[in-house]
Amino acid sequence: MRSLGILAENGPEKSSQRVGGLNRPKVLQPACLAILAALVALVSAQPARPQDTRAAYEVASIKPNNSGSGGSSTDGSKGQIVFINQSLKRLIERAYSAMPFQVTGPSWMADLRFDITAKYPPDMNKDDRPIMLRTLLEDRFKLAVHHETKDMPGYALVVAKGGFKLKPVEKTGSSGTSNNGGRVRTLTATKCSMVDLADDVARSLGQMVVDRTGLEGVYDFELRFINDDLSSNASDVDGVPSLFTALRDTLGLRLQPEKVPVDIIVVDHLERVPTDN
């Protein structure tokens, strides 16, 4: 009872007193409450860090390739992709699904070469593959670009007067194209769409080619042509047709000259040395 008497005498601000053998809790003053409320409001107002939703490889290793070899390769096996002796410029082209003439930037991009081994995430969407490479270049080489659109001389891939000569095949199974040969080139295509064919022809010509065939299926074919002259006026050599003639006679397609809008990827920033693996 003496403890209670002391408490009544001294008032509630005497937080050091004890009641029934227990420490009396401290009473916060109004000024402290106001400061605490301000701190809570400040923390609540802080924006949450945005989640990185970019498609990305699960893990990737980058090593410089100083072999001096001009050859390069890409090997896509189940669960991973391996780039061997690829120039930075070619990697950027792949990351944006672009042709060589669509990417501009410092000249040394074509000289620095790297080997990259990257593992895909288990839930990968096939369409995300170029985006994953783009994310890698942004994170490890600090790639920054902007886009410009220019009208440039190019071609539209259209059906020739005699009509298209191929029948579509089933879409299931592996697909792709391969180019073999030097002076005489052979383009072998398996389950190839007209969009993919337009891209292959564009790489051969060094000019933009857009698909205007209206053909939706995929096709198997072999296109053999002379590589000496890839102009529209090229003539057959030793019985081997020009690219323009091969497209018409083998596939029933032709290249129609026209100005086409081209997306130009301008490299604003790129590091020569990637960050650590």
# chains A, B, ... in the order shown; residues from 1 in each chain; ligands from 1
>>> select_by_dssp(residues="region 116-198 of chain A", states="alpha helix (DSSP H)", output="list of chain:residue names")
A:Arg129, A:Pro130, A:Ile131, A:Met132, A:Leu133, A:Arg134, A:Thr135, A:Leu136, A:Leu137, A:Glu138, A:Asp139, A:Arg140, A:Met194, A:Val195, A:Asp196, A:Leu197, A:Ala198
>>> select_by_dssp(residues="region 104-210 of chain A", states="strand (DSSP E)", output="ChimeraX atom specification")
/A:104,113-119,144-159,176-180,184-192,208-210
>>> closest_atom_pairs(of="region 141-186 of chain A", to="region 252-258 of chain A", cutoff="10 Å", atoms="only C-alpha atoms", output="CSV")
residue,atom,partner,partner_atom,distance
A:Asp151,CA,A:Glu258,CA,9.7
A:Met152,CA,A:Glu258,CA,8.5
A:Pro153,CA,A:Glu258,CA,6.1
A:Gly154,CA,A:Glu258,CA,5.6
A:Tyr155,CA,A:Pro257,CA,4.4
A:Ala156,CA,A:Gln256,CA,5.0
A:Leu157,CA,A:Leu255,CA,4.9
A:Val158,CA,A:Arg254,CA,5.6
A:Val159,CA,A:Leu253,CA,4.5
A:Ala160,CA,A:Leu253,CA,4.7
A:Lys161,CA,A:Gly252,CA,7.8
A:Gly162,CA,A:Gly252,CA,6.5
A:Gly163,CA,A:Gly252,CA,5.6
A:Phe164,CA,A:Gly252,CA,4.4
A:Lys165,CA,A:Gly252,CA,5.3
A:Leu166,CA,A:Gly252,CA,8.1
>>> residues_around(residues="region 186-189 of chain A", least_positions_apart="6", cutoff="9 Å", atoms="only C-alpha atoms", output="PyMOL selection string")
chain A and resi 175-180+197+200+219-226
>>> closest_residue(among="A:Lys167, A:Arg134, A:Lys191, A:Lys142", to="Thr275 (chain A)", atoms="only C-alpha atoms")
A:Lys142
>>> atom_distance(atom1="CA of Ser72 (chain A)", atom2="CA of Leu247 (chain A)")
27.8 Å
